[in-house]
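**Q** Have a look at this one.
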Amino acid sequence: MTNIDVVTGAFSYSGRFIAAQLLERGRGVRTLTNHPRPDHSLASRIPTYPLDFSDSAALVTALTGTDTLYNTYWVRAPHRGLTHGVAVENTKRLIDAAGQAGVRRIVQTSIANPTASTTSYYRGKAALEDVVRSSGLSYAIVRPTLLFGEGDVLINNIAWLLRHIPVFGIPGNGRYRLQPMHVKDHAGLLVEVGSELADVVVDSAGPEIFTFDELVHLLRRAMNLRTVVIHVPPVLAMAGAAVAGRIVGDMLLTRDELDDLIHDILLSHEPPRGTTRLTEWLPSHRDEVGLHYASEMVRHYLGPRPTG
Ligand SMILES: NC(=O)c1ccc[n+]([C@@H]2O[C@H](COP(=O)([O-])OP(=O)(O)OC[C@H]3O[C@@H](n4cnc5c(N)ncnc54)[C@H](OP(=O)(O)O)[C@@H]3O)[C@@H](O)[C@H]2O)c1
């Protein structure tokens with residue numbers, strides 16, 4: 001028995017909250033990442049290993065002597081050769097390495113309703129759930145809707161757009177729903193199911209459900225903005241996102257993400273596991289939300305040593 005766990009991306013988004021909560025509980029933490037942060041307050045307590053899928057032996061070494069692997073690895077927006085299919089193969093290598101290293105349990109971050117869409121993102125997530133189930137490891141599969149809180153992308157970037165453009169186009173009728181989960185509640189849920197023994201599959205969703213319309217207006221009101229909000233056909237919203245994406249040098253929204261958003265699948269059909277309400281969180285974060293654009297390209301492709 002060891003009390004050391006491995007978290008992928010312990011200095012990235014959700015991984016940083018998972019690592020912090022594990023350390024608070026007295027666990028040891030190692031991380032696999034291509035974005036080490038020597039300046040981070042927890043860096044001295046988190047030995048860092050490269051998230052290099054081409055080196056299985058190094059992955060096994062990094063995982064040897066550890067108990068639970070908290071796997072957050074995934075590729076949100078495919079870029080160049082790094083597709084969702086490649087991310088699936090990379091994750092298989094990681095799970096295989098965990099098995100070889102004698103890891104006891106894996107906590108796999110999936111997505112809410114993984115079989116409800118046929119986009120490559122969802123197909124990849126569903127395929128990986130099967131890989132985890134048949135890995136021979138004890139497992140927990142956690143399915144988030146969408147996360148919010150310090151460092152998030154989607155809600156932050158909607159807020160950023162509302163701050164920076166005079167007219168915001170809501171794709172389609174805006175009646176599709178979302179059930180945001182605060183990232184600390186999400187991390188707490190992962191750590192909780194990580195400490196259990198039984199195999200478990202659970203949604204990670206917050207206490208409030210909003211239509212996309214409601215969400216946009218909530219943000220607009222919280223930031224006290226006068227941005228005009230209109231409804232536009234999805235194809236026009238996509239064109240707008242492409243133009244805005246060029247301006248900020250990022251993939252603001254992919255076509256698949258737009259399809260999944262309007263298909264009403266970013267919500268859970270289980271009792272909510274999160275307690276933090278976006279409506280209560282926003283007023284105290286109104287000055288920082290959307291202040292800086294959160295760039296997928298900068299985070300994952302232009303930083304040091306992204307791997308494929
Ligand atoms: N954020 C959400 O709203 C949301 C919603 C539903 C599901 N999820 C799922 O939750 C998990 C964690 O999401 P997150 O937002 O916390 O992710 P993240 O911190 O941005 O990334 C998680 C891990 O994946 C690696 N990674 C991400 N993109 C990569 C790329 N293009 N190339 C190479 N490595 C890449 C990161 O590497 P580094 O360590 O090098 O940074 C990190 O180790 C993912 O499985 C995601 O699908 C998230």
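By convention in this document, the chains of the structure tokens carry letters A, B, ... by their order, each chain's residues are numbered from 1, and ligands are numbered from 1 in the order they are shown.
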Check which residues fall inside 7 Å of ligand 1 when counting only C-alpha atoms and all ligand atoms, and print them as JSON, numbers by chain.

**A** {"A": [8, 9, 10, 11, 12, 13, 14, 15, 32, 33, 34, 35, 51, 72, 73, 74, 75, 76, 77, 78, 82, 109, 110, 111, 143, 144, 145, 146, 147, 148, 152, 153, 154, 299, 300, 301, 306, 307, 308]}

**Q** Name the residues in contact with stretch 237-246 of chain A at a cut-off of 10 Å, using only C-alpha atoms, excluding same-chain residues fewer than 3 positions from it; report them as a PDB file with N, CA and C atoms, in the first residue's frame.

**A**
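part_0.pdb was written with the following content:
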ATOM      1  N   LEU A 161     -15.980  37.628 -24.500  1.00  0.00           N
ATOM      2  CA  LEU A 161     -16.629  38.140 -25.716  1.00  0.00           C
ATOM      3  C   LEU A 161     -17.639  39.228 -25.358  1.00  0.00           C
ATOM      4  N   ILE A 165     -17.137  42.613 -27.466  1.00  0.00           N
ATOM      5  CA  ILE A 165     -17.838  42.863 -28.730  1.00  0.00           C
ATOM      6  C   ILE A 165     -19.178  43.543 -28.453  1.00  0.00           C
ATOM      7  N   PHE A 168     -23.511  40.194 -29.337  1.00  0.00           N
ATOM      8  CA  PHE A 168     -23.192  38.778 -29.097  1.00  0.00           C
ATOM      9  C   PHE A 168     -24.292  37.926 -29.727  1.00  0.00           C
ATOM     10  N   GLY A 169     -23.894  37.007 -30.600  1.00  0.00           N
ATOM     11  CA  GLY A 169     -24.880  36.161 -31.293  1.00  0.00           C
ATOM     12  C   GLY A 169     -25.033  34.817 -30.606  1.00  0.00           C
ATOM     13  N   ILE A 170     -26.228  34.541 -30.092  1.00  0.00           N
ATOM     14  CA  ILE A 170     -26.504  33.228 -29.501  1.00  0.00           C
ATOM     15  C   ILE A 170     -26.879  32.266 -30.623  1.00  0.00           C
ATOM     16  N   PRO A 171     -26.192  31.132 -30.726  1.00  0.00           N
ATOM     17  CA  PRO A 171     -26.522  30.199 -31.809  1.00  0.00           C
ATOM     18  C   PRO A 171     -27.910  29.575 -31.602  1.00  0.00           C
ATOM     19  N   GLY A 172     -28.739  29.652 -32.636  1.00  0.00           N
ATOM     20  CA  GLY A 172     -30.057  29.005 -32.586  1.00  0.00           C
ATOM     21  C   GLY A 172     -30.973  29.651 -31.568  1.00  0.00           C
ATOM     22  N   HIS A 231     -30.196  36.444 -31.429  1.00  0.00           N
ATOM     23  CA  HIS A 231     -30.136  35.042 -31.845  1.00  0.00           C
ATOM     24  C   HIS A 231     -29.724  34.992 -33.313  1.00  0.00           C
ATOM     25  N   VAL A 232     -28.821  34.076 -33.631  1.00  0.00           N
ATOM     26  CA  VAL A 232     -28.386  33.949 -35.023  1.00  0.00           C
ATOM     27  C   VAL A 232     -28.405  32.472 -35.406  1.00  0.00           C
ATOM     28  N   PRO A 233     -28.552  32.161 -36.689  1.00  0.00           N
ATOM     29  CA  PRO A 233     -28.462  30.764 -37.094  1.00  0.00           C
ATOM     30  C   PRO A 233     -27.092  30.201 -36.702  1.00  0.00           C
ATOM     31  N   PRO A 234     -27.046  28.920 -36.289  1.00  0.00           N
ATOM     32  CA  PRO A 234     -25.773  28.341 -35.853  1.00  0.00           C
ATOM     33  C   PRO A 234     -24.641  28.552 -36.858  1.00  0.00           C
ATOM     34  N   GLY A 249      -6.220  34.341 -32.335  1.00  0.00           N
ATOM     35  CA  GLY A 249      -5.266  33.270 -32.635  1.00  0.00           C
ATOM     36  C   GLY A 249      -5.590  31.980 -31.906  1.00  0.00           C
ATOM     37  N   ASP A 250      -6.885  31.624 -31.877  1.00  0.00           N
ATOM     38  CA  ASP A 250      -7.279  30.448 -31.103  1.00  0.00           C
ATOM     39  C   ASP A 250      -8.453  29.751 -31.792  1.00  0.00           C
ATOM     40  N   MET A 251      -8.767  28.526 -31.277  1.00  0.00           N
ATOM     41  CA  MET A 251      -9.975  27.828 -31.714  1.00  0.00           C
ATOM     42  C   MET A 251     -11.041  28.145 -30.688  1.00  0.00           C
ATOM     43  N   LEU A 252     -11.785  29.203 -30.962  1.00  0.00           N
ATOM     44  CA  LEU A 252     -12.784  29.675 -29.994  1.00  0.00           C
ATOM     45  C   LEU A 252     -13.841  28.610 -29.743  1.00  0.00           C
ATOM     46  N   LEU A 253     -14.337  28.033 -30.813  1.00  0.00           N
ATOM     47  CA  LEU A 253     -15.407  27.030 -30.736  1.00  0.00           C
ATOM     48  C   LEU A 253     -15.282  26.145 -31.964  1.00  0.00           C
ATOM     49  N   THR A 254     -15.334  24.817 -31.760  1.00  0.00           N
ATOM     50  CA  THR A 254     -15.307  23.947 -32.934  1.00  0.00           C
ATOM     51  C   THR A 254     -16.740  23.636 -33.352  1.00  0.00           C
ATOM     52  N   ARG A 255     -16.898  23.212 -34.604  1.00  0.00           N
ATOM     53  CA  ARG A 255     -18.237  22.885 -35.115  1.00  0.00           C
ATOM     54  C   ARG A 255     -18.878  21.782 -34.268  1.00  0.00           C
ATOM     55  N   LEU A 258     -20.147  23.161 -31.026  1.00  0.00           N
ATOM     56  CA  LEU A 258     -21.409  23.882 -31.216  1.00  0.00           C
ATOM     57  C   LEU A 258     -22.569  22.893 -31.330  1.00  0.00           C
ATOM     58  N   SER A 295      -6.789  30.974 -23.797  1.00  0.00           N
ATOM     59  CA  SER A 295      -6.466  30.451 -25.121  1.00  0.00           C
ATOM     60  C   SER A 295      -6.048  28.984 -25.083  1.00  0.00           C
TER      61      SER A 295
END

**Q** Would you pick out the contacts of A:Ser268 at 10 Å or less, using only C-alpha atoms, so that residues sharing its chain but fewer than 2 positions from it are not included, and give the list as a VMD selection string?

**A** chain A and resid 112 to 113 143 to 145 178 to 180 202 to 206 209 265 to 266 270 to 273

**Q** Save the residues we just selected, N, CA and C atoms, as a short mmCIF file (atom, residue, chain, number, x, y, z; two decimals), in the first residue's frame?

**A**
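Final output, saved to result-v9.cif:
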data_model
loop_
_atom_site.label_atom_id
_atom_site.label_comp_id
_atom_site.auth_asym_id
_atom_site.auth_seq_id
_atom_site.Cartn_x
_atom_site.Cartn_y
_atom_site.Cartn_z
N ALA A 112 -20.21 14.17 -19.41
CA ALA A 112 -21.62 13.81 -19.19
C ALA A 112 -22.24 13.29 -20.49
N ASN A 113 -23.02 12.28 -20.41
CA ASN A 113 -23.75 11.71 -21.55
C ASN A 113 -22.82 11.32 -22.71
N ARG A 143 -18.07 11.97 -14.85
CA ARG A 143 -18.54 12.58 -16.10
C ARG A 143 -18.98 14.03 -15.87
N PRO A 144 -18.07 14.99 -16.07
CA PRO A 144 -18.47 16.39 -15.88
C PRO A 144 -19.33 16.93 -17.01
N THR A 145 -20.16 17.92 -16.67
CA THR A 145 -20.95 18.63 -17.67
C THR A 145 -20.04 19.69 -18.29
N LEU A 178 -27.46 23.91 -19.82
CA LEU A 178 -26.14 23.57 -19.28
C LEU A 178 -26.25 23.52 -17.76
N GLN A 179 -25.45 22.68 -17.16
CA GLN A 179 -25.48 22.51 -15.69
C GLN A 179 -24.07 22.62 -15.15
N PRO A 180 -23.57 23.85 -15.01
CA PRO A 180 -22.14 24.03 -14.67
C PRO A 180 -21.78 23.49 -13.29
N VAL A 202 -20.07 8.15 -12.19
CA VAL A 202 -20.89 9.21 -11.59
C VAL A 202 -20.78 10.49 -12.41
N ASP A 203 -21.92 11.21 -12.51
CA ASP A 203 -21.89 12.52 -13.16
C ASP A 203 -21.32 13.57 -12.22
N SER A 204 -20.68 14.57 -12.79
CA SER A 204 -20.17 15.70 -12.01
C SER A 204 -20.88 16.94 -12.51
N ALA A 205 -21.94 17.33 -11.79
CA ALA A 205 -22.76 18.46 -12.24
C ALA A 205 -23.18 19.30 -11.04
N GLY A 206 -23.40 20.57 -11.29
CA GLY A 206 -23.71 21.50 -10.21
C GLY A 206 -25.20 21.60 -9.91
N ILE A 209 -29.33 24.65 -13.27
CA ILE A 209 -29.40 24.41 -14.72
C ILE A 209 -29.85 25.72 -15.38
N ILE A 265 -26.92 18.34 -24.11
CA ILE A 265 -26.33 17.19 -23.43
C ILE A 265 -25.32 17.58 -22.35
N LEU A 266 -25.16 18.90 -22.14
CA LEU A 266 -24.22 19.33 -21.09
C LEU A 266 -24.93 19.43 -19.75
N GLU A 270 -28.77 12.90 -12.98
CA GLU A 270 -28.60 12.36 -11.63
C GLU A 270 -28.73 13.53 -10.65
N PRO A 271 -28.92 13.23 -9.34
CA PRO A 271 -28.89 14.33 -8.37
C PRO A 271 -27.56 15.06 -8.46
N PRO A 272 -27.56 16.40 -8.38
CA PRO A 272 -26.29 17.14 -8.53
C PRO A 272 -25.32 16.80 -7.42
N ARG A 273 -24.04 16.71 -7.77
CA ARG A 273 -23.01 16.42 -6.77
C ARG A 273 -22.31 17.69 -6.31
#

**Q** Find the spatial neighbours of A:Arg226, counting only C-alpha atoms, within a cut-off of 9 Å - ignore same-chain residues fewer than 4 positions away - and output them as a PDB file with C-alpha atoms, in the first residue's frame.

**A**
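Saved as around.pdb:
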ATOM      1  CA  LEU A 162     -19.442  39.961 -23.917  1.00  0.00           C
ATOM      2  CA  ARG A 163     -16.868  42.422 -22.618  1.00  0.00           C
ATOM      3  CA  PRO A 166     -20.881  45.121 -29.128  1.00  0.00           C
ATOM      4  CA  ARG A 220     -24.011  40.171 -18.976  1.00  0.00           C
ATOM      5  CA  ARG A 221     -25.946  41.377 -15.923  1.00  0.00           C
TER       6      ARG A 221
END

**Q** Determine which residues of stretch 63-162 of chain A receive a DSSP assignment of strand (DSSP E), computed from the backbone, and state them as a count of residues only.

**A** 18

**Q** Give me the residues within 7 Å of A:Pro207 as a list in words, counting only C-alpha atoms and dropping any in the same chain fewer than 5 places off.

**A** Pro272, Gly274, Thr275 and Arg277 of chain A

**Q** Would you give me, as an NGL selection string, the residues in stretch 28-275 of chain A that DSSP reads as alpha helix (DSSP H)?

**A** :A and (56-63 or 84-101 or 120-133 or 154-164 or 183-194 or 212-222 or 234-248 or 255-262)

**Q** Find the residues near A:Ile155: any atom within 9 Å, counting only C-alpha atoms, skip ones fewer than 5 places away on the same chain, and give them as an NGL selection string.

**A** :A and (146-149 or 160 or 215-216 or 219 or 289-290)

**Q** May I have the residues from that selection written out with N, CA and C atoms, as an mmCIF file, in the first residue's frame?

**A**
data_model
loop_
_atom_site.group_PDB
_atom_site.id
_atom_site.type_symbol
_atom_site.label_atom_id
_atom_site.label_comp_id
_atom_site.auth_asym_id
_atom_site.auth_seq_id
_atom_site.Cartn_x
_atom_site.Cartn_y
_atom_site.Cartn_z
ATOM 1 N N LEU A 146 -19.950 20.848 -17.631
ATOM 2 C CA LEU A 146 -18.878 21.788 -17.947
ATOM 3 C C LEU A 146 -18.464 22.439 -16.642
ATOM 4 N N LEU A 147 -17.196 22.783 -16.573
ATOM 5 C CA LEU A 147 -16.640 23.286 -15.318
ATOM 6 C C LEU A 147 -16.559 24.804 -15.355
ATOM 7 N N PHE A 148 -16.708 25.410 -14.175
ATOM 8 C CA PHE A 148 -16.437 26.841 -14.064
ATOM 9 C C PHE A 148 -15.602 27.085 -12.817
ATOM 10 N N GLY A 149 -15.055 28.294 -12.734
ATOM 11 C CA GLY A 149 -14.169 28.623 -11.612
ATOM 12 C C GLY A 149 -12.852 29.097 -12.187
ATOM 13 N N TRP A 160 -15.607 37.016 -21.795
ATOM 14 C CA TRP A 160 -14.623 37.852 -22.489
ATOM 15 C C TRP A 160 -15.242 38.469 -23.755
ATOM 16 N N LEU A 215 -27.768 31.816 -19.330
ATOM 17 C CA LEU A 215 -26.362 31.911 -18.933
ATOM 18 C C LEU A 215 -25.730 33.197 -19.463
ATOM 19 N N VAL A 216 -25.983 33.477 -20.744
ATOM 20 C CA VAL A 216 -25.394 34.675 -21.356
ATOM 21 C C VAL A 216 -25.922 35.934 -20.655
ATOM 22 N N LEU A 219 -24.370 36.388 -17.187
ATOM 23 C CA LEU A 219 -23.012 36.946 -17.257
ATOM 24 C C LEU A 219 -23.068 38.440 -17.581
ATOM 25 N N VAL A 289 -13.963 37.597 -14.113
ATOM 26 C CA VAL A 289 -14.422 36.655 -15.135
ATOM 27 C C VAL A 289 -14.401 37.342 -16.516
ATOM 28 N N GLY A 290 -13.786 36.681 -17.472
ATOM 29 C CA GLY A 290 -13.720 37.229 -18.822
ATOM 30 C C GLY A 290 -12.756 38.384 -18.995
#

**Q** If you count only C-alpha atoms, which residues fall within 12 Å of A:Gly26, apart from same-chain ones fewer than 2 positions away, as a PyMOL selection string?

**A** chain A and resi 2-5+19-24+28-29+45+191

**Q** Restricted to N, CA and C atoms, what would the selected residues look like written as a short mmCIF file (atom, residue, chain, number, x, y, z; two decimals), in the first residue's frame?

**A**
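Ended up saving to out_24.cif:
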data_model
loop_
_atom_site.label_atom_id
_atom_site.label_comp_id
_atom_site.auth_asym_id
_atom_site.auth_seq_id
_atom_site.Cartn_x
_atom_site.Cartn_y
_atom_site.Cartn_z
N THR A 2 0.54 2.21 -0.81
CA THR A 2 1.26 3.47 -0.84
C THR A 2 0.24 4.60 -0.74
N ASN A 3 0.65 5.73 -0.24
CA ASN A 3 -0.32 6.84 -0.20
C ASN A 3 0.05 7.92 -1.21
N ILE A 4 0.72 7.49 -2.30
CA ILE A 4 1.08 8.45 -3.35
C ILE A 4 0.14 8.25 -4.55
N ASP A 5 -0.42 9.35 -5.04
CA ASP A 5 -1.28 9.30 -6.22
C ASP A 5 -0.63 10.09 -7.36
N ALA A 19 -4.92 17.98 -7.28
CA ALA A 19 -3.64 17.82 -6.57
C ALA A 19 -3.69 18.52 -5.21
N ALA A 20 -4.24 19.73 -5.19
CA ALA A 20 -4.29 20.49 -3.93
C ALA A 20 -5.14 19.74 -2.90
N GLN A 21 -6.27 19.18 -3.36
CA GLN A 21 -7.15 18.50 -2.39
C GLN A 21 -6.53 17.20 -1.90
N LEU A 22 -5.79 16.52 -2.76
CA LEU A 22 -5.10 15.29 -2.33
C LEU A 22 -4.05 15.64 -1.27
N LEU A 23 -3.26 16.68 -1.54
CA LEU A 23 -2.23 17.09 -0.58
C LEU A 23 -2.86 17.48 0.76
N GLU A 24 -3.99 18.21 0.67
CA GLU A 24 -4.69 18.59 1.91
C GLU A 24 -5.10 17.37 2.73
N GLY A 28 0.44 11.87 -0.94
CA GLY A 28 1.54 12.37 -1.76
C GLY A 28 1.05 12.46 -3.20
N VAL A 29 1.61 13.38 -3.97
CA VAL A 29 1.17 13.57 -5.35
C VAL A 29 2.37 13.65 -6.29
N ARG A 45 6.23 20.19 -3.67
CA ARG A 45 5.62 18.99 -3.08
C ARG A 45 5.12 18.01 -4.15
N VAL A 191 -11.70 13.21 -5.84
CA VAL A 191 -10.90 12.71 -4.71
C VAL A 191 -11.75 11.77 -3.84
#
